Each structure stands twice: as structure tokens, then as C-alpha cells.
Amino acid sequence: MVKAVGLNTVCAYLFWNFHETTPGKFNWEGQADAAEFCKIAQQEGLYVILRPGPYSCAEWEFGGFPWWLLQKKDIKLRTQDPYYLERSRLYLQEVGRVLSPLQITHGGPILMVQVENEYGSYGNDKDYLLTLRDYLKEAKFDVPFFTCDGVVQLKNDVQKDLFAVVNFGSNPEAGFKALREVQPEGPLMCGEYYPGWFDSWGNAHHTGSSDRMVKELEYMLQQQASFSIYMIHGGTSFGLWAGANCQPYVPETSSYDYDAPISENGSANAKFYALRDMLKKYLQPGEVLPEVPPAIPVQKIAPFNLTGVAPIFAQLGKATLADTTLNMEDLGQGYGMVAYETTLPAGVKSMLDLGEVHDYAEIYLDQKLIGVLNRMKNERSINLPSFTKSSRLRILVEAMGRVNFGEYMHDRKGLLGEVYRITPTSKVQLKGWKHYSIPLGEGNPLLKYQPIGTAGKLNEPAFYKGSFTAKNKNDFYLDMRWLKKGVVWMNGHCLGRYWNIGPTQTMYVPGVWLNAGKNEVVVLDLHRPVAARLQGLEKPILDSLTEVKAISSNHRKAGQQFENNADQLIYSGTMQNSASWQTFNFPLKNGKYIALEALNNFADDAYTALAELEVLDGNGQQIPRNLWKVVYVDSEELKSQDGKSENVFDLQYTSIWHSQWKDNSPKHPHQVVIDLGAQTAITGIKVLPRQDMETGRIKDFKLYLSGKMFNGL
């Protein structure tokens, strides 16, 4: 498909955690057979650009890092931390053992090798990059090395002896201008051009304009520049390999369809043919594109029932005892869930403070579900009723994807910190914990099932099992709309996570994982299903949000209006109509709540959009944003676009806060109010306008700061 669309090279990420799941034990077989992948590319007439990490990102669990690195409490990732560098060196040596014989200098297809990935978005230690470059040389890579980064981050990692490429999703002219500013000579290349974008739970499905993609790629060809389309085929983050972004915490869907020219199951779509028609005009003399391979056949699977059930608390194994709560890495566990258990003495109504919950917790008193805490909503505490005798407290914590990008990557799972029971007169730390590991991933969990009809009405998470007969081994999409939240296995292959909040409502099932005849499905559901029933569809459901406010709480309550706050005004200014970072300084001010008010935009219409907001301390340095919380926004688009207000501090320069446009288009001014988490001394702000187009870019604005909540809120 890549060859047929008109491309000549495939970029291949490696994920360290996919190859070294246990320290010192490497796997290059099955799906991890990267050498075979490169050989197949060469057979198809394609070159390979290798992107081995050690950090990869790609919306992959922990950015590709193995979870066991976090067992070292003081590890500092992507730095010259000695332990981190030692493990990175051993990993890259193994990569070289397997893949260096496949370089073009040795008759193989590998043209270039990337050093790290988008490091300028994380740090600026150029010696760190040179150390990794030397490890690649030691691993017998002798083809050209390169680095890549976004337009505004290039300056952090470009250096003379490493070829640099630039990543962008629009405006190639500006992207290449930025590249020329730091690398005046040499070929121009876009390392990642974004025709679409990835999806996250609770956010609208992302799409990208086909016309814009074709126009901008053709512009690059006319400039004799090279480009890599990220993604040409998005595919699927099978298993528990989907990652997460932060801040706020937003886990990504298992589907990585990406609105790419090649759809999730490998078939051509309209974007594919538009790209192919354009690339045909730029073929070399005598070059002819191969015919587009026929579409991969799909099938329907008639509705079938899940007939066996295994309630989860009956499956718990041996407990690990500790006075205080341990996180998942402390227990030697990489993925899945942990059940925490202790005894609560009788007492009056109280509040249970769990500290940090990573990532989704269900709280039970004896057999009764008290409530759920969701890291996506920054929920940490729950009210407990009064009770007259001691009760068993159980906290079941599901780990979703580890953060794969930015400064919050040291993302340990489970309960982080101590657990307290708080009353109006006391605060007591809970101790005497039993920890039960529930590892999940590849291979069906070994469980004891009973007929579903004998289990009664379940009030706890459970595994459900059923089977169906397939007439052939064609692909299909497993319809999960009767279930709520969990993980799915097909014949022992972990398909990934599902969650009824959307936008994804189906799981892609590759036909090669089917049996001709009976097939077994196992589903873990954390809540009671609507029905223990599944079916197979011929098309995916990628854009069905059932809970629009899944991430963003209701930031604007009835009657709220940001008004009469002139006394808190600290700055008025005008932004430039550009995609560059812009800084605005002022005399030292103190406050806890900051409000950015957009008065208009450059198009003189109703919309406001902003990519990133940073606040500068008394020394002009960025203050941490991990405690930030949006407390009010007058308008945000959540229904037909991921335009939530938290995007202004999510570290993703391509995501934006966007005022409403689907069902309503309120006029300016538009305000977003952020709780900084503590009283803070500030001397300025930095803003990054939206990157992909001019629509909504703020022109005139005002900035307010207050020690207490603003008037009207």
C-alpha cells in the first residue's frame, strides 16, 4: 500500500518496551520481528528510515520506555542519569546486533537512523544527544544520523554534526524557514507531516483535510524537499500499548486510525487516492506505480452471548503485605490492575483521601461500590458513609497508558502517596494494606469461570467469556457498545482497551488472529455490562462520543459570567498573527487565579483559539503546570472538535482551546480562568498561537490575576 500510493521509504519506530519486556531478555519474534519488517520493505522496493529511540513517543505506552526503569526511584529519564544511559546503551547495542546488517551500506534497505526523538520538546542537553549518537556508532550503525523536532523546539537540539529535520502539520513554508534558521545548508526534510491526528478517550474523533494535505505535500515536492507522512497508516495500538498525554491526564484509544490515507485495517480511502493522484505527477522518468492492492475483505459476525463469568475478587491470588500503599512498580508489575485492601474501623461520615490515583479507581466498602475516581478529572477523594462496625475497604485501581510525552513521563501506576480518612476532627492514615496484583496483557488470563446465569447480579468487575463461529478468516470490527470499560482478548491476543465514553466504540480484529471455526473472546468489564453480548461489524465506529464532558468538567455553571474584574487587570496587549511563541512581560505580580481574555481575532469573527499558555516566575522561568486546573471558560468546543480549554497546558502544540462553533458561536470576549494551584509570583506569560491555520488566533487580549476567585464565578 505504501508503494502503491507513490512513496519510496517507510519510517519504522522501534519500541524499547516491546523488545525488552524484562531486563536483559530481548524478543525479536512475531510482531517484534523488526528485521523481517525491514526485509519485506526491501522486497517491495522501499527504503527504511529507522527510529530506534530509546525514546520514541508515538502515543505508545511510556513513549517506548520499559516500565521496569521506574523501579529505580530516582531515575531521570532522557538525561545523563548513569543508570538510564547504561540501560539505553545495552538496548541500542542489541538493536545494532539485529538491524545494523540491514543498512544500505551492507546491502539492506536502512538509509538513515534517528538519534532519540523530538528531544527539543523535553530538554536542551546536546551532550546527551551526542552520547546516544556514540552508542549508535558503537552498535555498528554507519549510515547518516538525524534528529527531528517541531518548528518551535528545533533550537533546543540542532547541532552541527547531526542532520536536522523539522516536524509540522501545516504551513511547510514556515516550517522550512525555521529549519533554515538553525541549519542554513543541506537538504530540506519534514520528518513528520500530520495528515490527521490521534484520538483520546472522551474527546472528539480527529480528522484532517485531504485537500490541505495534498496541497502542502505538493508544495514540498516543488521545493525539492523530502517529507515523511505521519501517519501514512496509523493502525492499532494492540494490547495495552496505547499511551497517554498529560497535563491533564488523557489516555489514548487503542485505535490509531489517525484519519491516515491507509485506514486502520490497511485499506485505501479517499485521502489515499487523492495523494496517489498527486504523486503520480512527480514520478521519475520510466517509473510506474504498482496497482493498488485489493481491499482486505471484511465480514459480519452475528450477535453472540458471553456465557461464562469470573468475578474478579474471587480470582485474587497471594497478597503482598505492607504498612503503606505500594505502587504497581513496587510490586514488580508492569500493566493491569492492583487491588488494595485494608480494614476500616467503625466511624462517622468521613472523606477518604487517596492522594494521587493512577489512573481509575473503584472503591468498595465490604461488597458495596461506593464510587469511582478518575485521574482524567483529577479526582482524588471520596465521601464515606458512617458505619457501626469494622468494614473491609477495597480499592481496585486500573492502570491505563503511561504518559508518553513531556515532563510528566515518570508515570508510576496504582496509588501514589498515603491514604487518609478525614473527619471534621481528625485525619488518620490508613495502614495494614494487602496488595493483590492483577497483571494484564498478552495471553488469556487464567481464571475460574461459572455459567453467567448462576452468578446472580454482579456488583464488581468481572471477566466474561464466550465464543462464536467464523465462516472465514476475514477482518471485522468487534462492536463493544453493550459493554462499558475494560480490555478484550481474541483467541489469546489482546486487542486493547475499550470505553463506552467514546469516541471509539469498536475493536479492530485482524483476520489472521481468527480460527476457521470456533473463536474464543474474553472481556474484562469494570462495570456491569448493559448486556453480555457482542457482534462483528464491517466498518469501525470511531466518532461516537457518549459522554462529551468525560474529561472537561462543567467549566461554566449556570449563572456564571466573568465580569466586573477591572481591579485585577494586570496587562493589556496585542499578539502577532504568527505560529511562533510570543512573550509578554510586566512588573512582578502575585496571585493564585489567572484569566486570559481574548477581545478579538485577526479575522474579526467570533472564534478564539490558543495552543499553549505558560506563566513566567520572578526569574522569567516557566512555572510548573502540574497543579493547574481550569475553573472557568466561557466557551469551548467539545462536540465536534477536541477544543477543550485544558489544551492550553497539555504540552501538545498541535492541540488547541477553541471556542464553540458546532452548535453555537458566542461572540467575543472569550475568557479562560486557571487556578495555578498556589499563590504565585509572576512576571510574564508566553503564548503559542494555534499552529495549523489563522482561524481563531487571538489579536487583542487582557490578563487578570487575583488571589481569590474572580467576580461572577
# chains A, B, ... in the order shown; residues from 1 in each chain; ligands from 1
call {"tool": "residues_around", "arguments": {"residues": "Ala681 of chain A", "least_positions_apart": "4", "cutoff": "8 Å", "atoms": "only C-alpha atoms", "output": "PyMOL selection string"}}
result
chain A and resi 588-591+617-618
call {"tool": "write_last_selection", "arguments": {"atoms": "all heavy atoms", "output": "PDB file, in the first residue's frame"}}
result
ATOM      1  N   LEU A 588       6.423  42.558  38.600  1.00  0.00           N
ATOM      2  CA  LEU A 588       6.080  41.411  39.434  1.00  0.00           C
ATOM      3  C   LEU A 588       4.682  41.545  40.037  1.00  0.00           C
ATOM      4  O   LEU A 588       4.335  42.579  40.619  1.00  0.00           O
ATOM      5  CB  LEU A 588       7.106  41.270  40.557  1.00  0.00           C
ATOM      6  CG  LEU A 588       6.934  40.065  41.493  1.00  0.00           C
ATOM      7  CD1 LEU A 588       7.291  38.784  40.766  1.00  0.00           C
ATOM      8  CD2 LEU A 588       7.820  40.224  42.739  1.00  0.00           C
ATOM      9  N   LYS A 589       3.880  40.487  39.876  1.00  0.00           N
ATOM     10  CA  LYS A 589       2.534  40.431  40.436  1.00  0.00           C
ATOM     11  C   LYS A 589       2.360  39.104  41.160  1.00  0.00           C
ATOM     12  O   LYS A 589       3.025  38.120  40.848  1.00  0.00           O
ATOM     13  CB  LYS A 589       1.476  40.556  39.335  1.00  0.00           C
ATOM     14  CG  LYS A 589       1.590  41.811  38.477  1.00  0.00           C
ATOM     15  CD  LYS A 589       1.216  43.065  39.250  1.00  0.00           C
ATOM     16  CE  LYS A 589       1.274  44.300  38.353  1.00  0.00           C
ATOM     17  NZ  LYS A 589       0.929  45.534  39.095  1.00  0.00           N
ATOM     18  N   ASN A 590       1.421  39.076  42.117  1.00  0.00           N
ATOM     19  CA  ASN A 590       1.160  37.858  42.874  1.00  0.00           C
ATOM     20  C   ASN A 590      -0.309  37.481  42.782  1.00  0.00           C
ATOM     21  O   ASN A 590      -1.194  38.347  42.824  1.00  0.00           O
ATOM     22  CB  ASN A 590       1.526  38.059  44.353  1.00  0.00           C
ATOM     23  CG  ASN A 590       3.020  38.042  44.579  1.00  0.00           C
ATOM     24  OD1 ASN A 590       3.626  36.987  44.692  1.00  0.00           O
ATOM     25  ND2 ASN A 590       3.615  39.229  44.628  1.00  0.00           N
ATOM     26  N   GLY A 591      -0.579  36.176  42.665  1.00  0.00           N
ATOM     27  CA  GLY A 591      -1.959  35.714  42.632  1.00  0.00           C
ATOM     28  C   GLY A 591      -2.044  34.213  42.477  1.00  0.00           C
ATOM     29  O   GLY A 591      -1.043  33.523  42.228  1.00  0.00           O
ATOM     30  N   ASP A 617       7.908  33.005  36.168  1.00  0.00           N
ATOM     31  CA  ASP A 617       8.108  33.383  37.563  1.00  0.00           C
ATOM     32  C   ASP A 617       8.957  34.649  37.665  1.00  0.00           C
ATOM     33  O   ASP A 617       9.245  35.318  36.664  1.00  0.00           O
ATOM     34  CB  ASP A 617       8.728  32.233  38.352  1.00  0.00           C
ATOM     35  CG  ASP A 617      10.141  31.870  37.877  1.00  0.00           C
ATOM     36  OD1 ASP A 617      10.764  32.663  37.136  1.00  0.00           O
ATOM     37  OD2 ASP A 617      10.623  30.783  38.265  1.00  0.00           O
ATOM     38  N   GLY A 618       9.391  34.973  38.890  1.00  0.00           N
ATOM     39  CA  GLY A 618      10.158  36.191  39.114  1.00  0.00           C
ATOM     40  C   GLY A 618      11.481  36.232  38.390  1.00  0.00           C
ATOM     41  O   GLY A 618      12.051  37.316  38.180  1.00  0.00           O
TER      42      GLY A 618
END
call {"tool": "closest_residue", "arguments": {"among": "A:Ser255, A:Thr683, A:Thr608, A:Ser655", "to": "Arg697 of chain A", "atoms": "only C-alpha atoms"}}
result
A:Thr608
call {"tool": "residues_around", "arguments": {"residues": "Leu703 of chain A", "least_positions_apart": "5", "cutoff": "6 Å", "atoms": "only C-alpha atoms", "output": "list in words"}}
result
Leu569, Ile570, Tyr571, Ala595 and Leu596 of chain A
call {"tool": "write_last_selection", "arguments": {"atoms": "N, CA, C and O atoms", "output": "mmCIF file, in the first residue's frame"}}
result
data_model
loop_
_atom_site.group_PDB
_atom_site.id
_atom_site.type_symbol
_atom_site.label_atom_id
_atom_site.label_comp_id
_atom_site.auth_asym_id
_atom_site.auth_seq_id
_atom_site.Cartn_x
_atom_site.Cartn_y
_atom_site.Cartn_z
ATOM 1 N N LEU A 569 -7.018 43.566 36.612
ATOM 2 C CA LEU A 569 -6.331 43.648 35.316
ATOM 3 C C LEU A 569 -4.861 43.982 35.535
ATOM 4 O O LEU A 569 -4.528 44.964 36.222
ATOM 5 N N ILE A 570 -3.964 43.163 34.974
ATOM 6 C CA ILE A 570 -2.529 43.417 35.149
ATOM 7 C C ILE A 570 -1.816 43.693 33.831
ATOM 8 O O ILE A 570 -0.681 44.176 33.835
ATOM 9 N N TYR A 571 -2.480 43.416 32.689
ATOM 10 C CA TYR A 571 -1.774 43.627 31.419
ATOM 11 C C TYR A 571 -2.778 43.641 30.273
ATOM 12 O O TYR A 571 -3.757 42.881 30.272
ATOM 13 N N ALA A 595 -6.494 34.869 34.544
ATOM 14 C CA ALA A 595 -7.522 34.866 33.496
ATOM 15 C C ALA A 595 -6.962 35.507 32.240
ATOM 16 O O ALA A 595 -6.431 36.625 32.286
ATOM 17 N N LEU A 596 -7.074 34.790 31.131
ATOM 18 C CA LEU A 596 -6.728 35.330 29.815
ATOM 19 C C LEU A 596 -8.028 35.637 29.091
ATOM 20 O O LEU A 596 -8.877 34.748 28.927
#
call {"tool": "residues_around", "arguments": {"residues": "Ala319 of chain A", "least_positions_apart": "4", "cutoff": "6 Å", "atoms": "only C-alpha atoms", "output": "PyMOL selection string"}}
result
chain A and resi 434-436
call {"tool": "closest_residue", "arguments": {"among": "A:Gln582, A:Ser228, A:Ser386, A:Gln103", "to": "Val10 of chain A", "atoms": "only C-alpha atoms"}}
result
A:Ser228
